[in-house]
Each structure stands twice: as C-alpha cells, then as structure tokens.
Amino acid sequence: MKTLLSLSLILLALTSEAAVKVATLHPILADVVRQVGADKVEVIEVLKAGADVHHFDPTAKDIAAMRGSALLLAMGKHLEPYLGKVRDSVGASMKVVEVGRTIPSLLLDPKQEIFICCPAHAQSSIDPHWWHSAENMKRATRVILDELVTLDPANEAAYKQGAKAASARFDSLKKWAQQEISAIPRGDRKLVTAHAAFGYFCKEYGFRTLPMLGIGRSDDISAQYIAQTIAAIRSNKIKAVFPEDQANPKVLIEIVRATGVRTGRPLIADGTAREAHTFETMLSHNVRAIVAALQN
C-alpha cells in the first residue's frame, strides 16, 4: 500500500510539472516562447530554421506533430495562407493565435514617408514582416505571455519574469542597433532591397526604403519598371543595394550592373536563415551588413 501511495504521489508530481506544449509556425516565435516559458514549456517547431515562409505548406506529418499542443502560434498578417486548413485539421482542442494580429500594421503605400518609391502593385498591401522591429517583438512577448498565463496560471510568476527579461533584451538590442546605425550619415540611410520586407526596420531606425519588387517574390517585371528603379537609385544617390538570403538575385544583379552601386551582404528578410533565426541573430546580422555598406 505504501509503495502504491508513493507511486501515486510521484505520478501526481510529474503530471503537475508537465510542460505546456506550444507549437510554432516560425522559429522567431519559438525563441520568444522559450524565453518567456523556459522549462515550463515544450516547443514544437513546425516551421524550422532553413524553411521558406512564403512557400511553406504543412504536411500530414506537420499536422501530426502539432497534435497534443495546447497552443499554436502563427505570425499572422496573412503570412500563413494555409492557417484555415490547419485550424480545420487540429480541431477546437488547440487554440490558434496569430501573434501579429494586434501589432500595428505597416501599409505598402508610396504616401508613407519611409518609401522612396513603391511598386504600384504593392499599394495598400500589408507588410507582414513585423518581426524586424524590437518594439513589435516586445508586443509579441506580451501576447505570448498572456496566452501562457491563460493556459497555465499556476506558473504566472515565472512567465512574467521570463517576459520581463525578454522585453529588456529587446530594448538592449534596439539601443545597440541605434548606436551602430549612428555611424551612417543621415542622408545615406536609404535601404534598397529586392522585396518590401524591411519597412518596420526602416520605420524604427530612421531609414527610407526602395523595395524593387514589392511584397512578392516574382522576378517577372517589365524593362520599363527596371529602368524606373535604376533612375530612382541614381536620383536618390543610393550607395548600396542589398540582396536577401532566400530571394533570387537575378533582377538585383541586373540593376547593380546598370547603376554601378555596390552590393551589400545579403540581409535576412524572413528570419528563418539557419545561421540567423532569432530576433537577436537576425537583427545583429542585418545591422552589421547595412552599416558596413553605408557608413562611408
């Protein structure tokens, strides 16, 4: 009887200490969950480092991996067009949260002061790449904190402590980025990239941006449009253009040859690069690449 009682107590203790299972559809979200939840959470990374967020479509194996999770976190802002299918597949037992839903959206609109110019086909589209802003990462941390506390109120104090530390880290990273960027003359803070993935970064750090191909990944643009982009680069005295880690550089190479501007190191646009798939590693890589190309 004593042995049975002891076993029961052990099983009860193990059950009460079971980690909350959280599935994520982006490695940056997985990192924030770990920062907030520490050993109180078990993270199931459905979309892993190295994947392409714009071409990802969950397989039956991915859906199976999610099962048993109490929570599924997505970036939101239409980044995951398959989300409806996932909701139907996992059922009502798993809560699906679009973390970016309550984060203020940036519209791709040439009327906004951060844009040097903006492709007509991208007007009024929402830029989904909200994770390029430290302030937005702090907002995301609060969303994740609220969800974990709702699921596991017994560990509220631990989650609040983790969220506070994560937010402080994002503040420190923002200050570091501002200090590094101060080496770039204000007139040279113009970021020319293939796609419109860096609007939130530009807004936070005082850059203007020229996204040559809009929000999409297609290189199918007219010769006239390429000529207009080349003219914009010349008239704005652009010093460098930046490829992206997962994008075809074909059009960018053509434009670089025509303008004679330098080519910066590829930037991490989607935050899923194998070598940079947390906010910290992504921001550090991008800031260093931008400063190296534009500071002199």
# chains A, B, ... in the order shown; residues from 1 in each chain; ligands from 1
>>> residues_around(residues="Phe198 in chain A", least_positions_apart="5", cutoff="8 Å", atoms="only C-alpha atoms", output="PyMOL selection string")
chain A and resi 129+132+209+269
>>> write_last_selection(atoms="C-alpha atoms", output="mmCIF file, in the first residue's frame")
data_model
loop_
_atom_site.group_PDB
_atom_site.id
_atom_site.type_symbol
_atom_site.label_atom_id
_atom_site.label_comp_id
_atom_site.auth_asym_id
_atom_site.auth_seq_id
_atom_site.Cartn_x
_atom_site.Cartn_y
_atom_site.Cartn_z
ATOM 1 C CA HIS A 129 7.296 41.295 -41.658
ATOM 2 C CA HIS A 132 12.004 43.412 -37.816
ATOM 3 C CA THR A 209 13.351 52.245 -48.346
ATOM 4 C CA ALA A 269 14.394 39.024 -44.577
#
>>> residues_around(residues="Ala23 in chain A", least_positions_apart="3", cutoff="6 Å", atoms="only C-alpha atoms", output="JSON, numbers by chain")
{"A": [43, 44, 45, 66, 72]}
>>> select_by_dssp(residues="range 65-131 of chain A", states="alpha helix (DSSP H)", output="tab-separated table (two decimals) with C-alpha atoms, in the first residue's frame")
chain	number	residue	atom	x	y	z
A	65	ALA	CA	3.48	16.91	-34.85
A	66	MET	CA	1.17	19.70	-33.68
A	83	LEU	CA	-3.95	28.71	-41.47
A	84	GLY	CA	-7.62	27.96	-42.13
A	85	LYS	CA	-6.72	24.46	-43.26
A	86	VAL	CA	-4.60	23.95	-40.15
A	87	ARG	CA	-7.44	25.07	-37.88
A	88	ASP	CA	-9.76	22.54	-39.51
A	89	SER	CA	-7.15	19.79	-39.15
A	90	VAL	CA	-6.20	20.29	-35.50
>>> residues_around(residues="Glu80 in chain A", least_positions_apart="5", cutoff="8 Å", atoms="only C-alpha atoms", output="PyMOL selection string")
chain A and resi 53-54+74-75
>>> atom_distance(atom1="CA of Ala140 in chain A", atom2="CA of Pro110 in chain A")
27.2 Å
>>> residues_around(residues="Gly271 in chain A", least_positions_apart="3", cutoff="12 Å", atoms="only C-alpha atoms", output="PyMOL selection string")
chain A and resi 25-31+47-54+75+129-133+197-198+244-246+267-268+274-286
>>> write_last_selection(atoms="N, CA and C atoms", output="compact mmCIF listing (two decimals), in the first residue's frame")
# COMPACT_ATOMS: atom_id res chain seq x y z
N LEU A 25 4.84 28.33 -35.80
CA LEU A 25 4.96 28.34 -37.25
C LEU A 25 6.06 29.30 -37.72
N HIS A 26 6.98 29.61 -36.81
CA HIS A 26 8.14 30.45 -37.16
C HIS A 26 9.18 30.30 -36.06
N PRO A 27 10.47 30.14 -36.43
CA PRO A 27 11.49 29.96 -35.39
C PRO A 27 11.67 31.17 -34.48
N ILE A 28 11.36 32.37 -34.95
CA ILE A 28 11.45 33.54 -34.07
C ILE A 28 10.41 33.44 -32.95
N LEU A 29 9.22 32.96 -33.28
CA LEU A 29 8.20 32.75 -32.25
C LEU A 29 8.64 31.68 -31.27
N ALA A 30 9.25 30.61 -31.79
CA ALA A 30 9.73 29.53 -30.92
C ALA A 30 10.73 30.07 -29.91
N ASP A 31 11.61 30.95 -30.36
CA ASP A 31 12.62 31.52 -29.46
C ASP A 31 11.98 32.37 -28.36
N LEU A 47 7.47 24.94 -38.37
CA LEU A 47 8.31 25.56 -39.41
C LEU A 47 9.66 25.84 -38.77
N LYS A 48 10.68 25.19 -39.28
CA LYS A 48 12.00 25.24 -38.66
C LYS A 48 12.94 26.17 -39.42
N ALA A 49 14.09 26.45 -38.81
CA ALA A 49 15.13 27.25 -39.46
C ALA A 49 15.51 26.61 -40.78
N GLY A 50 15.68 27.46 -41.79
CA GLY A 50 16.02 26.98 -43.12
C GLY A 50 14.84 26.88 -44.05
N ALA A 51 13.61 26.92 -43.49
CA ALA A 51 12.41 26.83 -44.32
C ALA A 51 12.09 28.19 -44.94
N ASP A 52 11.28 28.17 -45.99
CA ASP A 52 10.85 29.39 -46.68
C ASP A 52 9.41 29.66 -46.29
N VAL A 53 9.18 30.74 -45.55
CA VAL A 53 7.83 31.03 -45.04
C VAL A 53 6.83 31.27 -46.16
N HIS A 54 7.32 31.73 -47.31
CA HIS A 54 6.41 32.08 -48.41
C HIS A 54 6.00 30.87 -49.24
N MET A 75 2.57 33.80 -37.13
CA MET A 75 2.96 35.21 -37.25
C MET A 75 1.77 36.10 -37.55
N HIS A 129 6.00 41.53 -42.31
CA HIS A 129 7.30 41.30 -41.66
C HIS A 129 7.49 42.13 -40.39
N TRP A 130 6.51 42.05 -39.49
CA TRP A 130 6.52 42.89 -38.30
C TRP A 130 7.68 42.59 -37.35
N TRP A 131 8.29 41.41 -37.48
CA TRP A 131 9.33 40.98 -36.53
C TRP A 131 10.66 41.69 -36.73
N HIS A 132 10.76 42.65 -37.65
CA HIS A 132 12.00 43.41 -37.82
C HIS A 132 12.07 44.60 -36.87
N SER A 133 11.11 44.74 -35.99
CA SER A 133 11.07 45.85 -35.03
C SER A 133 11.18 45.31 -33.61
N ALA A 197 10.41 43.90 -47.42
CA ALA A 197 10.42 43.12 -46.18
C ALA A 197 10.97 43.91 -45.00
N PHE A 198 11.45 45.13 -45.22
CA PHE A 198 12.17 45.84 -44.16
C PHE A 198 11.52 47.16 -43.76
N GLU A 244 18.78 39.46 -50.62
CA GLU A 244 18.18 38.81 -49.46
C GLU A 244 18.54 37.33 -49.46
N ASP A 245 18.55 36.75 -48.28
CA ASP A 245 19.09 35.40 -48.13
C ASP A 245 18.32 34.33 -48.88
N GLN A 246 17.01 34.50 -49.09
CA GLN A 246 16.23 33.45 -49.73
C GLN A 246 15.59 33.90 -51.04
N LEU A 267 20.80 40.35 -46.75
CA LEU A 267 20.08 40.57 -45.50
C LEU A 267 19.17 39.38 -45.21
N ILE A 268 18.88 39.18 -43.94
CA ILE A 268 17.94 38.15 -43.52
C ILE A 268 16.55 38.78 -43.51
N ARG A 274 19.27 29.55 -41.40
CA ARG A 274 19.85 28.58 -40.45
C ARG A 274 20.79 29.27 -39.46
N GLU A 275 21.53 30.27 -39.94
CA GLU A 275 22.50 30.94 -39.09
C GLU A 275 21.91 32.15 -38.35
N ALA A 276 20.66 32.50 -38.65
CA ALA A 276 20.04 33.67 -38.01
C ALA A 276 18.53 33.49 -38.00
N HIS A 277 18.01 32.84 -36.95
CA HIS A 277 16.57 32.58 -36.90
C HIS A 277 15.98 32.95 -35.53
N THR A 278 16.66 33.86 -34.85
CA THR A 278 16.09 34.53 -33.68
C THR A 278 16.12 36.02 -33.97
N PHE A 279 15.35 36.80 -33.22
CA PHE A 279 15.38 38.25 -33.45
C PHE A 279 16.79 38.79 -33.27
N GLU A 280 17.46 38.33 -32.23
CA GLU A 280 18.80 38.84 -31.94
C GLU A 280 19.79 38.54 -33.06
N THR A 281 19.83 37.30 -33.53
CA THR A 281 20.81 36.96 -34.58
C THR A 281 20.45 37.61 -35.91
N MET A 282 19.14 37.72 -36.20
CA MET A 282 18.71 38.37 -37.43
C MET A 282 19.06 39.86 -37.42
N LEU A 283 18.70 40.54 -36.33
CA LEU A 283 18.98 41.98 -36.24
C LEU A 283 20.48 42.24 -36.27
N SER A 284 21.25 41.46 -35.53
CA SER A 284 22.71 41.65 -35.49
C SER A 284 23.31 41.52 -36.88
N HIS A 285 22.90 40.46 -37.59
CA HIS A 285 23.41 40.26 -38.95
C HIS A 285 23.05 41.44 -39.85
N ASN A 286 21.77 41.83 -39.85
CA ASN A 286 21.32 42.87 -40.76
C ASN A 286 21.94 44.23 -40.47
>>> closest_residue(among="A:Ala232, A:Ile116, A:Ala134, A:Ala60", to="Ala177 in chain A", atoms="only C-alpha atoms")
A:Ala134
>>> closest_residue(among="A:Ile126, A:Val33, A:Ala163, A:Val22", to="Val96 in chain A", atoms="only C-alpha atoms")
A:Val22
>>> residues_around(residues="Glu135 in chain A", least_positions_apart="2", cutoff="8 Å", atoms="only C-alpha atoms", output="number ranges by chain")
A: 133, 137-139, 170-171
>>> select_by_dssp(residues="range 112-269 of chain A", states="strand (DSSP E)", output="list of chain:residue names")
A:Ser125, A:Ile126, A:Asp127, A:Lys190, A:Leu191, A:Val192, A:Thr193, A:Arg208, A:Thr209, A:Leu210, A:Pro211, A:Ala240, A:Val241, A:Phe242, A:Arg262, A:Thr263
>>> write_last_selection(atoms="C-alpha atoms", output="CSV table (one decimal), in the first residue's frame")
chain,number,residue,atom,x,y,z
A,125,SER,CA,-0.8,45.7,-49.2
A,126,ILE,CA,0.0,44.9,-45.6
A,127,ASP,CA,3.7,44.2,-44.9
A,190,LYS,CA,18.4,54.6,-47.6
A,191,LEU,CA,17.8,50.9,-47.8
A,192,VAL,CA,17.4,49.3,-51.3
A,193,THR,CA,16.3,45.7,-51.2
A,208,ARG,CA,13.8,55.3,-46.2
A,209,THR,CA,13.4,52.2,-48.3
A,210,LEU,CA,13.1,51.3,-52.0
A,211,PRO,CA,11.7,47.8,-52.4
A,240,ALA,CA,24.4,50.2,-52.0
A,241,VAL,CA,21.7,47.7,-52.7
A,242,PHE,CA,21.1,44.6,-50.6
A,262,ARG,CA,28.0,48.4,-54.5
A,263,THR,CA,26.3,45.3,-53.4
>>> closest_residue(among="A:Gly187, A:Ile253, A:Tyr225, A:Glu98", to="Lys237 in chain A", atoms="only C-alpha atoms")
A:Gly187
>>> residues_around(residues="range 154-161 of chain A", least_positions_apart="4", cutoff="8 Å", atoms="only C-alpha atoms", output="list in words")
Val36, Gly37, Lys40, Leu145, Leu148, Val149 and Ala165 of chain A
>>> atom_distance(atom1="CA of Glu42 in chain A", atom2="CA of Ala19 in chain A")
5.6 Å
>>> residues_around(residues="range 293-295 of chain A", least_positions_apart="5", cutoff="6 Å", atoms="only C-alpha atoms", output="list in words")
Ala183, Ile184 and Gly264 of chain A
>>> atom_distance(atom1="CA of Met94 in chain A", atom2="CA of Leu73 in chain A")
10.3 Å
>>> closest_residue(among="A:Lys174, A:Phe207, A:Gly260, A:Pro128", to="Ile230 in chain A", atoms="only C-alpha atoms")
A:Gly260
>>> decode(residues="range 65-79 of chain A", atoms="N, CA and C atoms", output="PDB file, in the first residue's frame")
ATOM      1  N   ALA A  65       2.539  16.398 -35.855  1.00  0.00           N
ATOM      2  CA  ALA A  65       3.479  16.908 -34.851  1.00  0.00           C
ATOM      3  C   ALA A  65       2.821  17.940 -33.935  1.00  0.00           C
ATOM      4  N   MET A  66       1.859  18.680 -34.479  1.00  0.00           N
ATOM      5  CA  MET A  66       1.174  19.704 -33.680  1.00  0.00           C
ATOM      6  C   MET A  66       0.232  19.100 -32.647  1.00  0.00           C
ATOM      7  N   ARG A  67      -0.306  17.952 -32.957  1.00  0.00           N
ATOM      8  CA  ARG A  67      -1.346  17.365 -32.106  1.00  0.00           C
ATOM      9  C   ARG A  67      -0.836  17.176 -30.671  1.00  0.00           C
ATOM     10  N   GLY A  68      -1.687  17.469 -29.735  1.00  0.00           N
ATOM     11  CA  GLY A  68      -1.299  17.386 -28.333  1.00  0.00           C
ATOM     12  C   GLY A  68      -0.836  18.714 -27.784  1.00  0.00           C
ATOM     13  N   SER A  69      -0.608  19.690 -28.681  1.00  0.00           N
ATOM     14  CA  SER A  69      -0.231  21.033 -28.231  1.00  0.00           C
ATOM     15  C   SER A  69      -1.482  21.769 -27.765  1.00  0.00           C
ATOM     16  N   ALA A  70      -1.319  22.570 -26.739  1.00  0.00           N
ATOM     17  CA  ALA A  70      -2.454  23.363 -26.257  1.00  0.00           C
ATOM     18  C   ALA A  70      -2.616  24.637 -27.060  1.00  0.00           C
ATOM     19  N   LEU A  71      -1.529  25.048 -27.732  1.00  0.00           N
ATOM     20  CA  LEU A  71      -1.494  26.352 -28.385  1.00  0.00           C
ATOM     21  C   LEU A  71      -0.662  26.265 -29.662  1.00  0.00           C
ATOM     22  N   LEU A  72      -1.145  26.898 -30.724  1.00  0.00           N
ATOM     23  CA  LEU A  72      -0.389  27.033 -31.970  1.00  0.00           C
ATOM     24  C   LEU A  72      -0.211  28.513 -32.253  1.00  0.00           C
ATOM     25  N   LEU A  73       1.033  28.946 -32.378  1.00  0.00           N
ATOM     26  CA  LEU A  73       1.338  30.360 -32.624  1.00  0.00           C
ATOM     27  C   LEU A  73       1.755  30.577 -34.071  1.00  0.00           C
ATOM     28  N   ALA A  74       1.092  31.530 -34.727  1.00  0.00           N
ATOM     29  CA  ALA A  74       1.420  31.919 -36.094  1.00  0.00           C
ATOM     30  C   ALA A  74       1.834  33.382 -36.105  1.00  0.00           C
ATOM     31  N   MET A  75       2.568  33.803 -37.134  1.00  0.00           N
ATOM     32  CA  MET A  75       2.963  35.206 -37.252  1.00  0.00           C
ATOM     33  C   MET A  75       1.766  36.097 -37.547  1.00  0.00           C
ATOM     34  N   GLY A  76       0.845  35.633 -38.409  1.00  0.00           N
ATOM     35  CA  GLY A  76      -0.318  36.430 -38.765  1.00  0.00           C
ATOM     36  C   GLY A  76      -0.049  37.429 -39.873  1.00  0.00           C
ATOM     37  N   LYS A  77      -0.953  38.377 -40.040  1.00  0.00           N
ATOM     38  CA  LYS A  77      -0.905  39.383 -41.108  1.00  0.00           C
ATOM     39  C   LYS A  77      -0.831  38.723 -42.492  1.00  0.00           C
ATOM     40  N   HIS A  78      -1.558  37.623 -42.654  1.00  0.00           N
ATOM     41  CA  HIS A  78      -1.682  36.905 -43.927  1.00  0.00           C
ATOM     42  C   HIS A  78      -0.389  36.225 -44.376  1.00  0.00           C
ATOM     43  N   LEU A  79       0.574  36.072 -43.471  1.00  0.00           N
ATOM     44  CA  LEU A  79       1.812  35.380 -43.838  1.00  0.00           C
ATOM     45  C   LEU A  79       1.552  33.891 -44.061  1.00  0.00           C
TER      46      LEU A  79
END
